[in-house]
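Reproduced below: coords-v5.cif, with mmCIF, C-alpha atoms and all ligand atoms.
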data_protein
loop_
_atom_site.label_atom_id
_atom_site.label_comp_id
_atom_site.auth_asym_id
_atom_site.auth_seq_id
_atom_site.Cartn_x
_atom_site.Cartn_y
_atom_site.Cartn_z
CA MET A 34 15.36 -31.99 -16.27
CA LYS A 35 16.52 -32.03 -12.62
CA ARG A 36 16.36 -28.27 -12.58
CA VAL A 37 12.75 -28.32 -13.89
CA PHE A 38 11.72 -30.60 -11.00
CA PHE A 39 13.55 -28.40 -8.51
CA ILE A 40 11.71 -25.29 -9.77
CA PHE A 41 8.40 -27.16 -9.63
CA PHE A 42 8.99 -28.11 -5.97
CA LEU A 43 9.80 -24.48 -5.17
CA LEU A 44 6.63 -23.24 -6.86
CA ALA A 45 4.30 -26.09 -5.88
CA PRO A 46 2.88 -24.41 -2.72
CA ILE A 47 2.13 -21.25 -4.76
CA ILE A 48 0.57 -23.09 -7.69
CA CYS A 49 -1.54 -25.34 -5.45
CA GLY A 50 -2.75 -22.42 -3.28
CA ARG A 51 -2.99 -24.79 -0.33
CA PRO A 52 -5.20 -23.89 2.62
CA CYS A 53 -3.18 -22.42 5.48
CA PHE A 54 -5.07 -23.73 8.49
CA ALA A 55 -7.00 -26.75 9.66
CA ALA A 56 -9.76 -27.95 7.34
CA GLU A 57 -12.54 -26.38 9.47
CA THR A 58 -11.27 -22.88 8.63
CA ALA A 59 -9.44 -23.25 5.34
CA CYS A 60 -8.15 -19.70 4.95
CA GLN A 61 -6.01 -18.54 2.05
CA VAL A 62 -3.24 -15.94 1.83
CA HIS A 63 -2.44 -14.37 -1.57
CA PRO A 64 0.23 -14.04 -2.67
CA GLN A 65 1.84 -16.61 -0.38
CA ILE A 66 5.14 -14.76 -0.43
CA ALA A 67 5.19 -11.68 1.79
CA TRP A 68 7.65 -9.40 0.00
CA GLN A 69 8.83 -6.24 1.78
CA GLY A 70 6.65 -3.28 0.73
CA LYS A 71 3.90 -5.37 -0.85
CA THR A 72 0.27 -6.17 -0.01
CA LEU A 73 -1.29 -9.50 0.98
CA ALA A 74 -4.95 -10.56 1.01
CA VAL A 75 -6.32 -13.08 3.52
CA LYS A 76 -9.56 -14.92 2.83
CA VAL A 77 -11.61 -16.95 5.33
CA PRO A 78 -14.75 -18.91 4.24
CA ALA A 79 -17.79 -16.99 5.51
CA GLU A 80 -19.96 -20.04 6.31
CA ASP A 81 -21.09 -19.91 9.99
CA VAL A 82 -18.77 -16.94 10.58
CA ALA A 83 -20.01 -13.68 12.15
CA SER A 84 -16.76 -11.67 12.12
CA VAL A 85 -13.01 -11.95 11.46
CA SER A 86 -10.16 -9.68 12.52
CA GLY A 87 -6.43 -10.20 12.57
CA ILE A 88 -2.98 -8.94 13.44
CA PHE A 89 0.29 -9.18 11.50
CA LEU A 90 3.54 -7.41 12.41
CA GLY A 91 1.66 -5.37 15.01
CA GLN A 92 -0.82 -4.16 12.38
CA LYS A 93 -4.44 -4.86 13.35
CA PHE A 94 -6.95 -5.29 10.55
CA LEU A 95 -10.61 -6.10 10.06
CA CYS A 96 -11.84 -8.59 7.47
CA TYR A 97 -14.92 -7.67 5.44
CA LYS A 98 -17.53 -10.02 4.00
CA LYS A 99 -17.35 -10.31 0.21
CA GLY A 100 -19.64 -13.01 -1.17
CA ASP A 101 -18.75 -16.30 0.45
CA VAL A 102 -15.52 -15.14 2.15
CA TYR A 103 -14.25 -12.64 4.71
CA LYS A 104 -11.33 -10.75 3.20
CA GLY A 105 -8.60 -8.83 5.01
CA ILE A 106 -5.80 -6.75 3.48
CA ILE A 107 -2.34 -6.56 5.02
CA GLY A 108 0.68 -4.41 4.16
CA VAL A 109 4.25 -5.60 4.67
CA PRO A 110 6.56 -2.77 5.86
CA LEU A 111 9.34 -2.14 3.33
CA ASP A 112 11.93 -2.19 6.12
CA GLN A 113 10.63 -5.35 7.84
CA LYS A 114 13.51 -7.70 8.66
CA PRO A 115 13.18 -10.86 6.54
CA GLY A 116 12.11 -13.92 8.53
CA TYR A 117 9.05 -15.80 9.82
CA TYR A 118 6.27 -13.87 11.55
CA LYS A 119 2.91 -14.92 12.99
CA LEU A 120 -0.33 -13.97 11.29
CA LYS A 121 -3.13 -14.27 13.87
CA LEU A 122 -6.78 -14.43 12.88
CA PHE A 123 -9.61 -14.03 15.40
CA ILE A 124 -12.79 -15.67 14.16
CA THR A 125 -16.21 -15.35 15.83
CA ARG A 126 -18.75 -17.91 14.68
CA THR A 127 -22.47 -17.22 14.35
CA ASP A 128 -23.12 -19.35 17.46
CA GLY A 129 -20.76 -17.08 19.44
CA ALA A 130 -17.83 -19.54 19.53
CA LYS A 131 -14.42 -17.95 19.13
CA GLU A 132 -11.35 -19.35 17.37
CA THR A 133 -7.83 -18.02 17.03
CA ARG A 134 -5.82 -19.24 14.05
CA ILE A 135 -2.09 -18.73 13.69
CA LYS A 136 -0.05 -19.02 10.51
CA GLN A 137 3.65 -18.41 10.07
CA LEU A 138 4.32 -16.15 7.09
CA LYS A 139 7.79 -15.64 5.71
CA VAL A 140 8.81 -12.07 4.87
CA TRP A 141 11.20 -12.04 1.90
CA SER A 142 13.57 -9.21 1.13
CA THR A 143 12.97 -6.95 -1.88
CA ARG A 144 15.93 -5.38 -3.67
CA PHE A 145 15.49 -1.62 -3.55
CA PRO A 146 17.88 0.43 -5.73
CA TYR A 147 19.45 3.78 -4.83
CA SER A 148 18.15 7.08 -6.27
CA LYS A 149 20.33 10.18 -6.11
CA PHE A 150 19.06 13.69 -6.68
CA TRP A 151 19.89 17.30 -5.89
CA LEU A 152 17.67 19.86 -4.17
CA PRO A 153 18.49 23.59 -4.26
CA PRO A 154 18.82 25.21 -0.77
CA ALA A 155 15.34 26.82 -0.81
CA ARG A 156 13.69 23.41 -1.44
CA ASN A 157 16.01 21.55 0.91
CA LYS A 158 14.93 23.85 3.77
CA LEU A 159 11.39 22.47 3.44
CA ARG A 160 12.68 19.07 4.62
CA ALA A 161 13.07 20.47 8.17
CA ARG A 162 11.87 17.82 10.64
CA GLN A 163 9.39 20.20 12.27
CA ILE A 164 7.71 21.09 8.96
CA VAL A 165 7.53 17.46 7.80
CA ASN A 166 6.27 16.18 11.19
CA ASN A 167 3.58 18.86 11.50
CA GLU A 168 2.34 18.27 7.97
CA TRP A 169 2.47 14.49 8.22
CA ALA A 170 0.34 14.69 11.41
CA LEU A 171 -2.45 16.22 9.28
CA ILE A 172 -2.22 13.46 6.67
CA ASP A 173 -1.86 10.73 9.30
CA LYS A 174 -5.20 11.80 10.82
CA VAL A 175 -7.12 10.93 7.63
CA LEU A 176 -5.15 7.73 6.96
CA ARG A 177 -6.30 6.42 10.35
CA GLN A 178 -9.98 6.67 9.32
CA GLU A 179 -11.36 3.36 8.11
CA ALA A 180 -14.65 3.54 6.19
CA THR A 181 -16.41 0.16 6.28
CA ALA A 182 -17.75 0.28 2.69
CA GLN A 183 -15.44 -0.85 -0.12
CA ARG A 184 -15.33 1.94 -2.69
CA TRP A 185 -12.63 0.56 -5.02
CA GLN A 186 -13.55 -1.95 -7.70
CA GLY A 187 -11.03 -4.21 -9.41
CA LYS A 188 -7.52 -3.18 -10.42
CA PHE A 189 -6.26 0.38 -9.94
CA ILE A 190 -5.06 2.41 -12.93
CA ASP A 191 -2.04 4.74 -13.08
CA PRO A 192 -3.08 8.29 -12.02
CA VAL A 193 -1.03 9.75 -14.90
CA THR A 194 0.67 8.35 -17.99
CA GLY A 195 4.38 8.93 -17.65
CA GLU A 196 7.76 7.38 -17.09
CA VAL A 197 8.45 6.25 -13.51
CA SER A 198 11.48 8.25 -12.42
CA GLN A 199 11.68 6.76 -8.93
CA GLY A 200 9.99 3.54 -7.85
CA PHE A 201 8.63 2.49 -4.47
CA GLY A 202 11.22 1.75 -1.79
CA HIS A 203 14.19 3.37 -3.56
CA LYS A 204 16.87 4.38 -1.08
CA GLN A 205 17.16 8.13 -1.51
CA ILE A 206 20.42 10.05 -1.51
CA ILE A 207 19.56 13.76 -1.36
CA ASN A 208 22.40 16.25 -1.81
CA GLY A 209 24.89 13.46 -1.13
CA LYS A 210 23.28 12.24 2.15
CA ALA A 211 21.14 9.16 2.87
CA ALA A 212 17.54 10.37 3.27
CA GLY A 213 15.41 7.30 3.93
CA SER A 214 13.22 5.26 1.62
CA HIS A 215 10.83 6.50 -1.04
CA ARG A 216 7.29 5.57 0.02
CA GLY A 217 5.54 6.05 -3.30
CA VAL A 218 6.04 6.06 -7.06
CA ASP A 219 7.20 9.18 -8.95
CA TYR A 220 6.04 9.80 -12.52
CA THR A 221 7.88 12.37 -14.63
CA VAL A 222 5.12 14.54 -16.09
CA ILE A 223 5.04 18.22 -17.00
CA SER A 224 3.28 20.58 -14.55
CA GLY A 225 -0.41 20.85 -15.35
CA THR A 226 -0.84 17.19 -16.35
CA GLU A 227 -4.29 15.89 -15.42
CA VAL A 228 -4.23 13.50 -12.45
CA ILE A 229 -7.05 10.96 -12.48
CA ALA A 230 -8.55 8.90 -9.66
CA PRO A 231 -6.96 5.43 -10.00
CA ASN A 232 -10.13 3.88 -8.58
CA ASN A 233 -13.44 4.91 -7.01
CA GLY A 234 -12.98 6.82 -3.79
CA LYS A 235 -13.76 9.90 -1.74
CA ILE A 236 -11.54 12.98 -1.43
CA VAL A 237 -10.69 13.24 2.27
CA PHE A 238 -7.76 15.69 2.17
CA ALA A 239 -6.77 18.56 -0.12
CA ASP A 240 -4.38 21.25 1.06
CA ARG A 241 -1.31 23.24 0.06
CA LEU A 242 1.56 22.09 2.28
CA GLN A 243 5.16 23.32 2.42
CA ALA A 244 7.04 20.00 2.26
CA PHE A 245 4.53 17.83 0.38
CA GLY A 246 3.30 20.67 -1.83
CA GLY A 247 -0.27 20.49 -3.16
CA THR A 248 -1.52 17.33 -1.42
CA MET A 249 -4.60 15.17 -1.86
CA VAL A 250 -5.73 11.92 -0.23
CA LEU A 251 -8.41 9.58 -1.58
CA ASP A 252 -10.22 7.16 0.71
CA HIS A 253 -11.05 3.91 -1.13
CA GLY A 254 -12.68 2.35 1.95
CA GLN A 255 -11.73 -0.43 4.35
CA GLY A 256 -8.41 1.20 5.31
CA ILE A 257 -7.13 1.72 1.74
CA HIS A 258 -6.03 5.27 0.79
CA THR A 259 -4.00 6.81 -2.04
CA LEU A 260 -1.87 9.97 -1.75
CA TYR A 261 -0.84 12.63 -4.31
CA PHE A 262 1.97 15.14 -3.65
CA HIS A 263 3.51 18.19 -5.41
CA LEU A 264 0.24 19.13 -7.17
CA SER A 265 -0.22 22.53 -8.83
CA LYS A 266 -4.02 22.50 -8.62
CA MET A 267 -6.58 20.54 -6.63
CA ILE A 268 -9.80 20.17 -8.60
CA ALA A 269 -12.08 17.75 -6.70
CA PRO A 270 -13.07 19.18 -3.30
CA VAL A 271 -12.90 17.39 0.06
CA GLY A 272 -16.01 15.27 0.58
CA GLN A 273 -16.57 14.55 -3.14
CA GLU A 274 -17.02 10.94 -4.25
CA VAL A 275 -14.99 10.35 -7.43
CA LYS A 276 -15.04 7.61 -10.04
CA LYS A 277 -12.11 5.68 -11.50
CA GLY A 278 -10.67 7.82 -14.32
CA GLN A 279 -12.15 11.14 -13.12
CA VAL A 280 -9.76 14.14 -13.12
CA ILE A 281 -9.07 15.16 -9.51
CA ALA A 282 -6.04 17.49 -9.79
CA LEU A 283 -3.20 18.85 -11.94
CA SER A 284 0.37 17.73 -11.32
CA GLY A 285 3.08 20.22 -10.41
CA ASN A 286 6.47 20.80 -8.83
CA SER A 287 5.51 22.15 -5.38
CA GLY A 288 7.16 21.29 -2.06
CA VAL A 289 10.26 19.11 -1.71
CA SER A 290 10.61 18.35 -5.40
CA SER A 291 13.62 18.39 -7.71
CA GLY A 292 11.54 18.74 -10.89
CA ALA A 293 8.00 18.46 -12.25
CA HIS A 294 6.52 15.10 -11.27
CA LEU A 295 3.62 13.36 -9.54
CA HIS A 296 4.25 11.37 -6.35
CA TRP A 297 1.65 8.62 -5.92
CA GLY A 298 1.43 6.78 -2.60
CA MET A 299 -0.69 3.86 -1.41
CA SER A 300 -1.64 3.30 2.21
CA VAL A 301 -2.96 0.04 3.71
CA HIS A 302 -4.15 0.56 7.29
CA ASN A 303 -1.81 3.56 7.47
CA LEU A 304 1.23 1.68 6.13
CA ARG A 305 2.79 2.74 2.82
CA VAL A 306 3.05 -0.05 0.23
CA ASP A 307 3.90 -0.29 -3.48
CA PRO A 308 0.91 1.09 -5.49
CA LYS A 309 2.11 -0.60 -8.69
CA GLN A 310 1.12 -4.02 -7.27
CA TRP A 311 -2.49 -2.74 -7.16
CA VAL A 312 -2.27 -1.72 -10.85
CA LYS A 313 -1.02 -5.14 -11.85
CA TYR A 314 -3.36 -7.28 -9.73
CA ASP A 315 -6.93 -7.14 -8.44
CA ILE A 316 -6.03 -7.45 -4.76
ZN ZN A 401 8.05 10.67 -4.57
#

Full structure transcribed into structure tokens:
Amino acid sequence: MKRVFFIFFLLAPIICGRPCFAAETACQVHPQIAWQGKTLAVKVPAEDVASVSGIFLGQKFLCYKKGDVYKGIIGVPLDQKPGYYKLKLFITRTDGAKETRIKQLKVWSTRFPYSKFWLPPARNKLRARQIVNNEWALIDKVLRQEATAQRWQGKFIDPVTGEVSQGFGHKQIINGKAAGSHRGVDYTVISGTEVIAPNNGKIVFADRLQAFGGTMVLDHGQGIHTLYFHLSKMIAPVGQEVKKGQVIALSGNSGVSSGAHLHWGMSVHNLRVDPKQWVKYDI
């Protein structure tokens, strides 16, 4: 019985969803635990509020009005040192008054397993820093664009049906050497598998790259993007608005890839987070 009470006390703040600030601006953070590599949503009641912005771990974000709240979305870096960090919210009221609210959020560590794989020399060459940096600069440009309209609706769906061969945050060992963390989810699917839009969005990038292979980026609005690597064919052109479930590309084995698969990435204000959380929950 003692153990039951102990667990209840641990979970009580989560279950109760207590307001994080003073009663006049009762904002909410969901989930209340900031796990490495996951996403958080902040909500501030919209009554008498003209605008809300914030900063967390050096990441600035805007909050957007949705019904009776202003909602902001925050990513937690997968390599953020666990500990307490300040979430600052800047609120401008309709009468012009300004408030700054500060909340301490605890970043908890996530256990990321190791993934080992082998790349033949011709593929391994494509990992050259210069190639990766030049190509990432192109992708980075579109991830920095923040469309104000929210295109996504509700939960995301998996872009393909397949076994996950490497999850988000796995520590990669390539050809016997540590090679950083995996910033997406890999699905084992045969080349030519249809890749569908996991939510409504706009195609903002489609190109054949050396390291990332056939690459597409979807803009879901308000700083939320999804990325697709190693494609064999890009079907939806840049500029096209796509609906959840619409075929946008065919998977492949192009670029730095050890076998046919789809790499799916999720970007929150240009920070890579675990896309699977967005499939499980309506963030
Ligand atoms: Zn991957």

Within 12 Å of Gln255 of chain A, counting all atoms listed in the file, which residues qualify if same-chain residues fewer than 2 places away don't, as a PyMOL selection string?
chain A and resi 94-98+104-107+176-185+234+252-253+257-258+300-303

Please check which protein, DNA or RNA residues sit within 7 Å of ligand ZN 401 (chain A), counting all atoms listed in the file, and write them as a PDB file with C-alpha atoms, in the coordinates of the input.
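Writing done, so here's part_16.pdb:
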ATOM      1  CA  GLN A 199      11.680   6.760  -8.930  1.00  0.00           C
ATOM      2  CA  HIS A 215      10.830   6.500  -1.040  1.00  0.00           C
ATOM      3  CA  ARG A 216       7.290   5.570   0.020  1.00  0.00           C
ATOM      4  CA  GLY A 217       5.540   6.050  -3.300  1.00  0.00           C
ATOM      5  CA  VAL A 218       6.040   6.060  -7.060  1.00  0.00           C
ATOM      6  CA  ASP A 219       7.200   9.180  -8.950  1.00  0.00           C
ATOM      7  CA  HIS A 296       4.250  11.370  -6.350  1.00  0.00           C
ATOM      8  CA  TRP A 297       1.650   8.620  -5.920  1.00  0.00           C
TER       9      TRP A 297
END

Could you please determine the separation between atom CA of Val306 of chain A and atom CA of Thr72 of chain A in Å, to one decimal place?
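For atom CA of Val306 of chain A relative to atom CA of Thr72 of chain A, the distance reads 6.7 Å.
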
Go through segment 105-125 of chain A residue by residue and, counting only C-alpha atoms, keep those with an atom at most 7 Å from segment 134-156 of chain A; for each kept residue give the shortest atom pair and its distance in Å to one decimal, ordered by chain and increasing number, as JSON lines.
{"residue": "A:Pro115", "atom": "CA", "partner": "A:Val140", "partner_atom": "CA", "distance": 4.8}
{"residue": "A:Gly116", "atom": "CA", "partner": "A:Val140", "partner_atom": "CA", "distance": 5.3}
{"residue": "A:Tyr117", "atom": "CA", "partner": "A:Lys139", "partner_atom": "CA", "distance": 4.3}
{"residue": "A:Tyr118", "atom": "CA", "partner": "A:Leu138", "partner_atom": "CA", "distance": 5.4}
{"residue": "A:Lys119", "atom": "CA", "partner": "A:Gln137", "partner_atom": "CA", "distance": 4.6}
{"residue": "A:Leu120", "atom": "CA", "partner": "A:Lys136", "partner_atom": "CA", "distance": 5.1}
{"residue": "A:Lys121", "atom": "CA", "partner": "A:Ile135", "partner_atom": "CA", "distance": 4.6}
{"residue": "A:Leu122", "atom": "CA", "partner": "A:Arg134", "partner_atom": "CA", "distance": 5.0}
{"residue": "A:Phe123", "atom": "CA", "partner": "A:Arg134", "partner_atom": "CA", "distance": 6.6}

Of the candidates A:Asn166, A:Thr133, A:Ser284, A:Gln69, which one gets nearest to Ala244 of chain A if we count all atoms listed in the file?
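Among the listed residues, A:Asn166 lies closest to Ala244 of chain A.
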
Mind giving me the straight-line distance from atom CA of Thr194 of chain A to atom CA of Ser214 of chain A in Å, one decimal?
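Computing the Euclidean distance for atom CA of Thr194 of chain A and atom CA of Ser214 of chain A yields 23.5 Å.
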
Restricting the calculation to all atoms listed in the file, which member of A:Gln205, A:Thr248, A:Ser84, A:Asn157 is positioned closest to Thr127 of chain A?
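For Thr127 of chain A, the nearest of the given residues is A:Ser84.
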
Between A:Lys93, A:Lys99, A:Lys174, A:Lys276, single out the one closest to Ile190 of chain A, counting only C-alpha atoms.
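For Ile190 of chain A, the nearest of the candidates is A:Lys276.
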
Have a look at atom CA of Ser291 of chain A and atom CA of Val237 of chain A and let me know their distance in Å, one decimal.
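Separation between atom CA of Ser291 of chain A and atom CA of Val237 of chain A: 26.8 Å.
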
Compile the contact shell of segment 264-271 of chain A as a PyMOL selection string: residues with an atom at most 12 Å away, counting all atoms listed in the file, same-chain residues fewer than 5 positions apart removed.
chain A and resi 175+222-230+234-252+276+279-290+292-297

How would segment 221-237 of chain A look with N, CA and C atoms restored, written as a compact mmCIF listing (two decimals), in the frame of the given file?
# COMPACT_ATOMS: atom_id res chain seq x y z
N THR A 221 7.41 11.12 -14.03
CA THR A 221 7.88 12.37 -14.63
C THR A 221 6.81 12.85 -15.60
N VAL A 222 6.14 13.94 -15.22
CA VAL A 222 5.12 14.54 -16.09
C VAL A 222 5.24 16.06 -15.98
N ILE A 223 4.94 16.77 -17.05
CA ILE A 223 5.04 18.22 -17.00
C ILE A 223 3.96 18.78 -16.07
N SER A 224 4.26 19.94 -15.44
CA SER A 224 3.28 20.58 -14.55
C SER A 224 2.01 20.86 -15.34
N GLY A 225 0.88 20.62 -14.70
CA GLY A 225 -0.41 20.85 -15.35
C GLY A 225 -1.00 19.60 -15.98
N THR A 226 -0.30 18.46 -15.82
CA THR A 226 -0.84 17.19 -16.35
C THR A 226 -2.04 16.76 -15.49
N GLU A 227 -3.09 16.32 -16.16
CA GLU A 227 -4.29 15.89 -15.42
C GLU A 227 -4.00 14.62 -14.62
N VAL A 228 -4.39 14.66 -13.34
CA VAL A 228 -4.23 13.50 -12.45
C VAL A 228 -5.61 12.89 -12.29
N ILE A 229 -5.74 11.60 -12.58
CA ILE A 229 -7.05 10.96 -12.48
C ILE A 229 -7.12 10.04 -11.27
N ALA A 230 -8.34 9.83 -10.78
CA ALA A 230 -8.55 8.90 -9.66
C ALA A 230 -8.23 7.49 -10.18
N PRO A 231 -7.33 6.76 -9.51
CA PRO A 231 -6.96 5.43 -10.00
C PRO A 231 -8.04 4.38 -9.72
N ASN A 232 -9.01 4.77 -8.89
CA ASN A 232 -10.13 3.88 -8.58
C ASN A 232 -11.20 4.74 -7.90
N ASN A 233 -12.37 4.16 -7.68
CA ASN A 233 -13.44 4.91 -7.01
C ASN A 233 -13.00 5.24 -5.58
N GLY A 234 -13.36 6.43 -5.14
CA GLY A 234 -12.98 6.82 -3.79
C GLY A 234 -13.63 8.13 -3.40
N LYS A 235 -13.23 8.63 -2.25
CA LYS A 235 -13.76 9.90 -1.74
C LYS A 235 -12.57 10.78 -1.37
N ILE A 236 -12.63 12.05 -1.78
CA ILE A 236 -11.54 12.98 -1.43
C ILE A 236 -11.68 13.30 0.07
N VAL A 237 -10.62 12.99 0.82
CA VAL A 237 -10.69 13.24 2.27
C VAL A 237 -9.65 14.26 2.73
